[in-house]
Each structure stands twice: as C-alpha cells, then as structure tokens.
file query-v4.txt (compact mmCIF, C-alpha atoms and all ligand atoms)
# COMPACT_ATOMS: atom_id res chain seq x y z
CA MET A 22 60.54 59.75 116.43
CA LYS A 23 57.49 61.57 117.77
CA ASN A 24 57.16 62.66 121.39
CA TRP A 25 55.82 59.33 122.58
CA SER A 26 54.91 58.73 126.18
CA ARG A 27 56.34 55.64 127.87
CA LEU A 28 53.00 53.92 127.47
CA GLN A 29 52.92 54.62 123.74
CA LEU A 30 56.50 53.39 123.38
CA LEU A 31 55.67 50.22 125.29
CA THR A 32 52.63 49.67 123.07
CA HIS A 33 54.74 49.93 119.90
CA ILE A 34 57.35 47.53 121.31
CA LEU A 35 54.69 45.04 122.39
CA CYS A 36 53.03 45.18 118.98
CA TRP A 37 56.27 44.57 117.05
CA LEU A 38 57.43 41.83 119.41
CA PRO A 39 55.18 39.03 118.06
CA LEU A 40 56.48 39.64 114.55
CA PHE A 41 60.09 39.30 115.72
CA VAL A 42 59.25 36.18 117.72
CA LEU A 43 57.50 34.72 114.67
CA ALA A 44 60.40 35.59 112.34
CA ALA A 45 62.96 34.25 114.83
CA ALA A 46 61.04 30.97 115.16
CA TYR A 47 60.91 30.66 111.38
CA PHE A 48 64.60 31.42 110.75
CA THR A 49 65.71 29.05 113.50
CA ASN A 50 63.44 26.27 112.17
CA ASN A 51 61.33 26.35 115.29
CA LEU A 52 58.01 27.17 113.69
CA THR A 53 56.57 23.64 114.04
CA ILE A 54 56.72 21.07 111.25
CA ASN A 55 54.11 23.07 109.34
CA PRO A 56 55.51 26.64 109.41
CA ILE A 57 52.94 28.01 106.93
CA GLN A 58 50.01 26.87 109.03
CA ALA A 59 51.70 28.02 112.22
CA ALA A 60 52.42 31.47 110.71
CA THR A 61 48.80 31.78 109.46
CA GLN A 62 47.40 30.82 112.84
CA ARG A 63 49.76 32.99 114.86
CA SER A 64 49.32 36.10 112.70
CA GLY A 65 45.54 35.62 112.92
CA ASP A 66 45.71 35.26 116.70
CA ILE A 67 47.86 38.37 117.05
CA ALA A 68 45.52 40.36 114.76
CA ILE A 69 42.45 39.50 116.80
CA ILE A 70 44.15 40.13 120.15
CA ILE A 71 45.32 43.59 119.05
CA LEU A 72 41.92 44.37 117.49
CA LEU A 73 40.17 43.56 120.77
CA ALA A 74 42.82 45.52 122.68
CA SER A 75 42.11 48.58 120.52
CA LEU A 76 38.41 48.25 121.35
CA ALA A 77 39.18 47.88 125.05
CA MET A 78 40.84 51.29 125.41
CA THR A 79 37.64 53.37 125.61
CA PRO A 80 35.85 51.05 128.09
CA LEU A 81 38.99 50.93 130.27
CA HIS A 82 39.07 54.71 130.24
CA ILE A 83 35.37 54.87 131.11
CA LEU A 84 35.89 52.44 134.00
CA PHE A 85 39.19 53.67 135.41
CA ASN A 86 39.50 57.22 134.08
CA LEU A 87 42.72 56.66 132.12
CA PRO A 88 42.61 59.24 129.30
CA GLN A 89 46.13 58.31 128.15
CA LEU A 90 44.70 55.02 126.87
CA LEU A 91 42.64 56.84 124.25
CA LYS A 92 45.82 57.73 122.39
CA LEU A 93 46.58 54.04 121.91
CA ARG A 94 43.43 53.31 119.90
CA ARG A 95 44.82 54.46 116.57
CA PRO A 96 48.19 52.64 116.73
CA LEU A 97 46.52 49.48 118.03
CA GLY A 98 43.96 49.60 115.21
CA LEU A 99 46.73 50.00 112.67
CA TYR A 100 48.76 47.13 114.12
CA ALA A 101 45.63 44.94 114.04
CA PHE A 102 45.23 45.79 110.37
CA PHE A 103 48.91 45.09 109.73
CA TYR A 104 48.75 41.62 111.30
CA ALA A 105 45.43 40.81 109.60
CA ALA A 106 46.96 41.77 106.22
CA LEU A 107 50.04 39.68 107.02
CA HIS A 108 47.76 36.78 107.98
CA MET A 109 45.89 37.06 104.68
CA LEU A 110 49.16 37.30 102.70
CA THR A 111 50.58 34.27 104.51
CA TYR A 112 47.59 32.30 103.34
CA THR A 113 47.19 33.63 99.81
CA GLY A 114 50.87 34.26 99.01
CA TRP A 115 52.93 31.81 101.00
CA ASP A 116 50.47 28.92 101.19
CA TYR A 117 48.74 29.30 97.80
CA GLN A 118 51.38 31.27 95.82
CA PHE A 119 48.59 33.70 94.78
CA ASP A 120 46.98 30.98 92.68
CA PHE A 121 43.47 32.42 92.73
CA ASN A 122 41.85 29.34 91.18
CA LEU A 123 43.12 27.29 94.10
CA ILE A 124 42.25 30.03 96.60
CA PHE A 125 38.65 30.22 95.36
CA ALA A 126 38.41 26.43 95.48
CA SER A 127 39.68 26.50 99.07
CA ILE A 128 37.03 29.09 99.99
CA ALA A 129 34.30 26.68 98.87
CA ASP A 130 35.84 24.21 101.30
CA LYS A 131 36.43 26.71 104.12
CA PRO A 132 33.66 29.34 104.07
CA TYR A 133 35.15 31.03 107.17
CA ILE A 134 37.76 32.51 104.84
CA LEU A 135 35.03 34.66 103.25
CA ILE A 136 34.10 35.99 106.68
CA GLY A 137 37.76 36.77 107.39
CA LEU A 138 37.96 38.52 104.04
CA ALA A 139 34.87 40.60 104.88
CA ALA A 140 36.48 41.58 108.20
CA LEU A 141 39.67 42.61 106.43
CA CYS A 142 37.74 44.56 103.77
CA LEU A 143 35.96 46.50 106.52
CA LEU A 144 39.18 47.13 108.39
CA THR A 145 40.96 48.52 105.31
CA PRO A 146 39.05 51.86 104.95
CA LEU A 147 39.33 52.34 108.70
CA ALA A 148 43.11 51.95 108.56
CA LEU A 149 43.34 54.23 105.50
CA THR A 150 41.28 57.00 107.11
CA SER A 151 42.69 56.68 110.62
CA HIS A 152 44.82 59.80 110.28
CA ARG A 153 43.65 63.00 111.95
CA TRP A 154 43.55 64.68 108.53
CA TRP A 155 40.76 62.32 107.47
CA GLN A 156 39.01 62.75 110.77
CA LYS A 157 38.80 66.52 110.23
CA ARG A 158 37.84 66.16 106.61
CA LEU A 159 35.10 63.59 107.11
CA GLY A 160 33.64 65.10 110.31
CA LYS A 161 30.63 63.13 111.56
CA LEU A 162 30.95 60.59 108.77
CA TRP A 163 34.37 59.63 110.15
CA LYS A 164 32.87 58.65 113.48
CA ARG A 165 30.14 56.61 111.81
CA LEU A 166 32.65 54.94 109.51
CA HIS A 167 34.91 54.04 112.42
CA GLN A 168 32.05 52.46 114.31
CA LEU A 169 32.35 49.69 111.73
CA VAL A 170 35.25 48.43 113.81
CA TYR A 171 32.67 46.65 116.01
CA LEU A 172 31.26 44.80 113.04
CA THR A 173 34.82 43.94 112.02
CA ALA A 174 35.49 42.48 115.45
CA VAL A 175 32.24 40.46 115.39
CA LEU A 176 33.16 39.05 111.95
CA ALA A 177 36.69 38.28 113.11
CA VAL A 178 35.39 36.35 116.13
CA ILE A 179 32.94 34.38 113.94
CA HIS A 180 35.83 33.67 111.53
CA LEU A 181 37.93 32.40 114.43
CA ALA A 182 35.07 30.27 115.81
CA MET A 183 34.62 28.63 112.41
CA ALA A 184 38.36 28.21 111.74
CA VAL A 185 39.28 26.28 114.87
CA LYS A 186 38.98 22.54 115.06
CA GLY A 187 36.02 22.16 117.35
CA ASP A 188 32.32 22.83 117.54
CA PHE A 189 31.80 26.20 119.11
CA LEU A 190 28.01 25.85 119.35
CA ARG A 191 28.22 22.43 121.04
CA LEU A 192 31.19 23.50 123.16
CA GLN A 193 33.25 20.57 121.90
CA GLY A 194 36.87 20.42 120.81
CA ASP A 195 39.49 23.15 120.69
CA ILE A 196 37.24 26.13 121.35
CA TRP A 197 38.92 28.07 124.15
CA LYS A 198 40.15 30.81 121.80
CA PRO A 199 36.76 31.68 120.25
CA LEU A 200 35.16 31.32 123.67
CA ALA A 201 37.61 33.79 125.23
CA ALA A 202 37.29 36.17 122.25
CA THR A 203 33.47 36.06 122.42
CA LEU A 204 33.52 36.76 126.13
CA VAL A 205 35.89 39.71 125.78
CA LEU A 206 34.02 41.18 122.81
CA SER A 207 30.65 40.79 124.58
CA LEU A 208 31.98 42.63 127.63
CA LEU A 209 33.36 45.42 125.45
CA LEU A 210 30.04 45.78 123.65
CA VAL A 211 27.98 45.69 126.87
CA VAL A 212 30.03 48.52 128.41
CA ARG A 213 29.12 50.65 125.39
CA ILE A 214 25.35 50.37 125.89
CA PRO A 215 24.48 54.08 126.35
CA PRO A 216 22.72 53.98 129.78
CA LEU A 217 25.42 51.70 131.24
CA ARG A 218 28.17 53.80 129.73
CA ARG A 219 26.62 57.00 131.14
CA ALA A 220 26.23 55.40 134.56
CA LEU A 221 29.88 54.26 134.60
CA SER A 222 31.17 57.67 133.44
CA ALA A 223 29.02 59.46 136.02
CA ARG A 224 30.26 57.08 138.74
CA HIS A 225 33.91 57.92 138.25
CA ARG A 226 33.20 61.63 137.72
CA LYS A 227 31.46 61.56 141.09
CA GLY A 228 34.35 59.62 142.63
CA ARG A 229 36.78 62.26 141.39
CA ALA A 230 34.67 65.14 142.68
CA VAL A 231 34.65 63.59 146.16
CA LYS A 232 38.42 63.04 146.15
CA ILE A 233 39.19 66.68 145.26
CA THR A 234 39.85 68.79 148.36
CA PRO A 235 38.36 72.28 148.40
CA GLY A 236 40.74 75.12 147.63
CA PRO A 237 41.04 77.76 144.95
CA VAL A 238 43.24 75.75 142.59
CA ASN A 239 41.35 72.45 142.90
CA ARG A 240 37.96 74.04 142.62
CA ARG A 241 38.93 75.61 139.32
CA SER A 242 40.29 72.40 137.85
CA ASP A 243 37.21 70.47 138.99
CA SER A 244 34.75 72.78 137.33
CA GLY A 245 36.85 72.62 134.17
CA LEU A 246 36.60 68.84 133.97
CA SER A 247 33.28 67.95 135.49
CA ALA A 248 31.24 69.28 132.59
CA VAL A 249 33.17 67.12 130.19
CA THR A 250 32.59 63.43 129.55
CA PRO A 251 35.69 61.23 129.83
CA GLU A 252 36.09 61.04 126.08
CA LYS A 253 35.88 64.76 125.62
CA GLN A 254 38.77 65.37 127.95
CA THR A 255 41.14 64.08 125.33
CA GLU A 256 41.39 64.26 121.60
CA THR A 257 39.85 62.04 118.92
CA PRO A 258 36.54 60.53 119.92
CA ASN A 259 36.99 57.16 118.32
CA HIS A 260 35.81 53.65 119.20
C1 LIG B 1 40.46 40.99 110.34
C2 LIG B 1 40.76 39.93 109.62
C3 LIG B 1 41.12 38.58 110.17
C4 LIG B 1 41.37 38.18 111.46
C5 LIG B 1 41.37 39.02 112.72
C6 LIG B 1 41.65 36.76 111.42
C7 LIG B 1 41.95 35.99 112.52
C8 LIG B 1 42.09 34.62 112.48
C9 LIG B 1 42.27 33.78 113.63
C10 LIG B 1 42.36 34.29 115.07
C11 LIG B 1 42.37 32.50 113.21
C12 LIG B 1 42.51 31.23 114.08
C13 LIG B 1 43.95 30.92 114.32
C14 LIG B 1 44.08 29.72 115.24
O1 LIG B 1 43.68 28.61 114.85
O2 LIG B 1 44.61 29.91 116.33
C15 LIG B 1 42.27 32.50 111.79
C16 LIG B 1 42.36 31.38 111.00
C17 LIG B 1 42.46 31.43 109.64
N1 LIG B 1 42.31 32.54 108.85
FE1 LIG B 1 41.93 34.43 109.47
N2 LIG B 1 41.60 36.33 110.12
C18 LIG B 1 41.28 37.41 109.33
C19 LIG B 1 41.15 37.40 107.97
C20 LIG B 1 41.50 36.36 107.16
C21 LIG B 1 41.61 36.40 105.73
C22 LIG B 1 41.37 37.67 104.89
C23 LIG B 1 41.98 35.15 105.31
C24 LIG B 1 42.27 34.63 103.94
C25 LIG B 1 42.16 35.23 102.84
C26 LIG B 1 42.09 34.32 106.48
C27 LIG B 1 42.44 32.98 106.46
C28 LIG B 1 42.49 32.16 107.56
C29 LIG B 1 42.77 30.74 107.51
C30 LIG B 1 43.03 29.90 106.28
C31 LIG B 1 42.74 30.28 108.81
C32 LIG B 1 42.96 28.83 109.32
C33 LIG B 1 44.40 28.59 109.60
C34 LIG B 1 44.61 27.14 109.97
O3 LIG B 1 44.13 26.71 111.01
O4 LIG B 1 45.27 26.46 109.19
N3 LIG B 1 41.80 35.08 107.58
N4 LIG B 1 42.11 33.80 111.38

call {"tool": "encode", "arguments": {"input": "query-v4.txt", "output": "structure tokens", "more": "lines below"}}
Ligand code: HEM
result
Amino acid sequence: MKNWSRLQLLTHILCWLPLFVLAAAYFTNNLTINPIQAATQRSGDIAIIILLASLAMTPLHILFNLPQLLKLRRPLGLYAFFYAALHMLTYTGWDYQFDFNLIFASIADKPYILIGLAALCLLTPLALTSHRWWQKRLGKLWKRLHQLVYLTAVLAVIHLAMAVKGDFLRLQGDIWKPLAATLVLSLLLVVRIPPLRRALSARHRKGRAVKITPGPVNRRSDSGLSAVTPEKQTETPNH
C-alpha cells in the first residue's frame, strides 16, 4: 500500500463502503422487492455523490486553505467512474442481459439513458488519463481535457432530474435529489468564476499573512507561500 495519509485512507474506506453495504443488502435479501432497480438507483446515487465530492475539493481548498484535499480529487474521480460503470452494467447486464435490441428500445422510452451514457462516455477518457504519466505527457491538453468533468457533472444532474419520478421544472413529485444535486453543482461552478475565485484565494492568503507572527523563520515561510496561488502550493492542478 502507498504512503497514504489518514484522510486518503478514510476516503478509500468511505468510497468502498457503499459497495459492501449494497452487496450485503443483496446477499441477505434486503435489497427491496426489486433488487435490480434498487441496485441501479443506488449505484447511480453513489456515482453522482462521489462525482460532486471530487469537484468540491478545489473550492473547499480555495475557501478553507486545505491543500491536502487536492490529493483526493483523483481517487474520488476514479471511484465516481467505477460506480457509474457499475450502474451502467447493472442496467445493461443485470436488468437487460446485454440484449441490445431491448436496450435500444428502452432508450426510446427513457431518453435520459442517452444523457447518462454521454456522461459516462465523457468520464471514461478522464479516468483513463487520470494518471500523472498522462498528465505529464499531455501537458496543457490534459488540463483542458479534464475540465470536461464539469460537463460530465452537468449531464449527470440532468440525467438524474429526468430519471426520477417527478417534474423537476414544475417542482412536483420526488425531486429532492435532483434539486440538491443542482444546488451543490451550481455552488461549485459559481466558486470557480475567475474573479470570485481570485477574491476568495486572496482573502485567505491575506488572512494567513495576518496570522503569521514576525520572526526570521516565519517571514521566510510566508514569502515562500504568498506568491503562490492555493493550487500551486500542491501538485496536480486539476478540477
Ligand atoms: C456518469 C454517469 C451516470 C451517473 C452519475 C448516473 C446517475 C444516476 C442517478 C443518480 C440516477 C437516479 C437514481 C435514483 O432514482 O435515485 C440514475 C438513474 C438511472 N440511470 Fe444513471 N447515471 C449515469 C449513467 C447511466 C448510464 C450509462 C445508464 C445506462 C446505460 C444509466 C441508466 C439509468 C437508469 C435506467 C436509471 C433509472 C433507474 C430507475 O429508477 O429504475 N445511467 N442514474
């Protein structure tokens, strides 16, 4: 095992936990009377929660100066991909036994599946190129490519809004999940608007400068950090 910090270890445990809970519920016959539907819904929910969590790491760092969170973006992104793939396989494999005639017929009936598929297709190259090796090799292109994660999240939220039994636009029915997801995603996107992002970064840089007491050691460390934006203090500028 790598030299994981406690936070990284906790993240891995928390990301595996839903799979164990899901498997345990299935093997103990506690996955509702419609286990396929329950597994599809739960894996979809977990995928979107982890996807939004991966997007929340940079804004949380900008707001609270927590550079250790930046290291969680890659594992969280990969877990989101894993659960989204599992979700898709539950539907196509378990529910429809990979009968593509039936699957295509079901898409005509449930167009939100196409949007989910688009989200998964976008997430796939991001997962495949998430390794540092690709980051070095692709340079600036890597950053641009990985900005697609925002589009993925928008598609995933639209997919969720269309999949639930309710009318999201009229605020009727079972819409609390898409409503919560839209709110969270909107906040995450707003924090990334460049002037706001700069203002927030500058605010906590200023806060830190005030907290540091004068003295030879502190003065040196302050000048080392203050020229650097929060993201640049740690590795991998990602999403
Ligand atoms: C990034 C990709 C995806 C994410 C994050 C995602 C997420 C979700 C979420 C959160 C739900 C709602 C679950 C609920 O009702 O609580 C859902 C429903 C659903 N998704 Fe996806 N999805 C993705 C891709 C796909 C793909 C590729 C397919 C199929 C090929 C698919 C098929 C479905 C189906 C059939 C439902 C409705 C389940 C039901 O209520 O019976 N999704 N998805």

call {"tool": "atom_distance", "arguments": {"input": "query-v4.txt", "atom1": "atom CA of A:Val170", "atom2": "atom CA of A:Leu38"}}
result
23.8 Å

call {"tool": "residues_near_ligand", "arguments": {"input": "query-v4.txt", "ligand": "ligand LIG 1 (chain B)", "cutoff": "8 Å", "atoms": "only C-alpha atoms and all ligand atoms", "output": "PyMOL selection string"}}
result
chain A and resi 58-59+61-70+72+101-102+104-106+108-110+112-113+131+133-142+144+173-174+176-178+180-182+184-186+198

call {"tool": "write_last_selection", "arguments": {"input": "query-v4.txt", "atoms": "C-alpha atoms", "output": "CSV table (one decimal), keeping the file's coordinate frame"}}
result
chain,number,residue,atom,x,y,z
A,58,GLN,CA,50.0,26.9,109.0
A,59,ALA,CA,51.7,28.0,112.2
A,61,THR,CA,48.8,31.8,109.5
A,62,GLN,CA,47.4,30.8,112.8
A,63,ARG,CA,49.8,33.0,114.9
A,64,SER,CA,49.3,36.1,112.7
A,65,GLY,CA,45.5,35.6,112.9
A,66,ASP,CA,45.7,35.3,116.7
A,67,ILE,CA,47.9,38.4,117.0
A,68,ALA,CA,45.5,40.4,114.8
A,69,ILE,CA,42.4,39.5,116.8
A,70,ILE,CA,44.2,40.1,120.2
A,72,LEU,CA,41.9,44.4,117.5
A,101,ALA,CA,45.6,44.9,114.0
A,102,PHE,CA,45.2,45.8,110.4
A,104,TYR,CA,48.8,41.6,111.3
A,105,ALA,CA,45.4,40.8,109.6
A,106,ALA,CA,47.0,41.8,106.2
A,108,HIS,CA,47.8,36.8,108.0
A,109,MET,CA,45.9,37.1,104.7
A,110,LEU,CA,49.2,37.3,102.7
A,112,TYR,CA,47.6,32.3,103.3
A,113,THR,CA,47.2,33.6,99.8
A,131,LYS,CA,36.4,26.7,104.1
A,133,TYR,CA,35.2,31.0,107.2
A,134,ILE,CA,37.8,32.5,104.8
A,135,LEU,CA,35.0,34.7,103.2
A,136,ILE,CA,34.1,36.0,106.7
A,137,GLY,CA,37.8,36.8,107.4
A,138,LEU,CA,38.0,38.5,104.0
A,139,ALA,CA,34.9,40.6,104.9
A,140,ALA,CA,36.5,41.6,108.2
A,141,LEU,CA,39.7,42.6,106.4
A,142,CYS,CA,37.7,44.6,103.8
A,144,LEU,CA,39.2,47.1,108.4
A,173,THR,CA,34.8,43.9,112.0
A,174,ALA,CA,35.5,42.5,115.4
A,176,LEU,CA,33.2,39.0,112.0
A,177,ALA,CA,36.7,38.3,113.1
A,178,VAL,CA,35.4,36.4,116.1
A,180,HIS,CA,35.8,33.7,111.5
A,181,LEU,CA,37.9,32.4,114.4
A,182,ALA,CA,35.1,30.3,115.8
A,184,ALA,CA,38.4,28.2,111.7
A,185,VAL,CA,39.3,26.3,114.9
A,186,LYS,CA,39.0,22.5,115.1
A,198,LYS,CA,40.2,30.8,121.8

call {"tool": "residues_around", "arguments": {"input": "query-v4.txt", "residues": "A:Leu190", "least_positions_apart": "3", "cutoff": "12 Å", "atoms": "all atoms listed in the file", "output": "JSON, numbers by chain"}}
result
{"A": [179, 182, 183, 187, 193, 194, 195, 196, 199, 200, 203]}

call {"tool": "write_last_selection", "arguments": {"input": "query-v4.txt", "atoms": "C-alpha atoms", "output": "compact mmCIF listing (two decimals), in the frame of the given file"}}
result
# COMPACT_ATOMS: atom_id res chain seq x y z
CA ILE A 179 32.94 34.38 113.94
CA ALA A 182 35.07 30.27 115.81
CA MET A 183 34.62 28.63 112.41
CA GLY A 187 36.02 22.16 117.35
CA GLN A 193 33.25 20.57 121.90
CA GLY A 194 36.87 20.42 120.81
CA ASP A 195 39.49 23.15 120.69
CA ILE A 196 37.24 26.13 121.35
CA PRO A 199 36.76 31.68 120.25
CA LEU A 200 35.16 31.32 123.67
CA THR A 203 33.47 36.06 122.42

call {"tool": "residues_around", "arguments": {"input": "query-v4.txt", "residues": "A:Leu123", "least_positions_apart": "6", "cutoff": "12 Å", "atoms": "all atoms listed in the file", "output": "compact mmCIF listing (two decimals) with C-alpha atoms, in the frame of the given file"}}
result
# COMPACT_ATOMS: atom_id res chain seq x y z
CA TYR A 112 47.59 32.30 103.34
CA THR A 113 47.19 33.63 99.81
CA GLY A 114 50.87 34.26 99.01
CA ASP A 116 50.47 28.92 101.19
CA TYR A 117 48.74 29.30 97.80
CA ALA A 129 34.30 26.68 98.87
CA ASP A 130 35.84 24.21 101.30

call {"tool": "residues_around", "arguments": {"input": "query-v4.txt", "residues": "A:Ser26", "least_positions_apart": "5", "cutoff": "10 Å", "atoms": "only C-alpha atoms", "output": "list in words"}}
result
Leu31, Thr32, Gln89 and Lys92 of chain A

call {"tool": "closest_residue", "arguments": {"input": "query-v4.txt", "among": "A:Pro39, A:His167, A:Leu84, A:Phe119", "to": "A:Ala220", "atoms": "all atoms listed in the file"}}
result
A:Leu84

call {"tool": "closest_residue", "arguments": {"input": "query-v4.txt", "among": "A:Leu93, A:Leu162, A:Leu40, A:Leu172", "to": "A:Thr150", "atoms": "all atoms listed in the file"}}
result
A:Leu162

call {"tool": "atom_distance", "arguments": {"input": "query-v4.txt", "atom1": "atom CA of A:Leu149", "atom2": "atom CA of A:Tyr100"}}
result
12.4 Å

call {"tool": "closest_residue", "arguments": {"input": "query-v4.txt", "among": "A:Leu28, A:Leu221, A:Leu97, A:Val175", "to": "A:Leu204", "atoms": "only C-alpha atoms"}}
result
A:Val175

call {"tool": "atom_distance", "arguments": {"input": "query-v4.txt", "atom1": "atom CA of A:Ser222", "atom2": "atom CA of A:Leu90"}}
result
15.3 Å

call {"tool": "closest_residue", "arguments": {"input": "query-v4.txt", "among": "A:Asn122, A:Tyr47, A:Leu30, A:Phe189", "to": "A:Ala201", "atoms": "only C-alpha atoms"}}
result
A:Phe189

call {"tool": "closest_residue", "arguments": {"input": "query-v4.txt", "among": "A:Asn55, A:Gln168, A:Asn50, A:Asn24", "to": "A:Leu76", "atoms": "all atoms listed in the file"}}
result
A:Gln168

call {"tool": "closest_residue", "arguments": {"input": "query-v4.txt", "among": "A:Ile214, A:Ile57, A:Ala46, A:Leu209", "to": "A:His82", "atoms": "all atoms listed in the file"}}
result
A:Leu209

call {"tool": "residues_near_point", "arguments": {"input": "query-v4.txt", "point": "(27.5, 49.0, 129.9)", "cutoff": "12 Å", "atoms": "all atoms listed in the file", "output": "ChimeraX atom specification"}}
result
/A:79-81,83-84,207-222
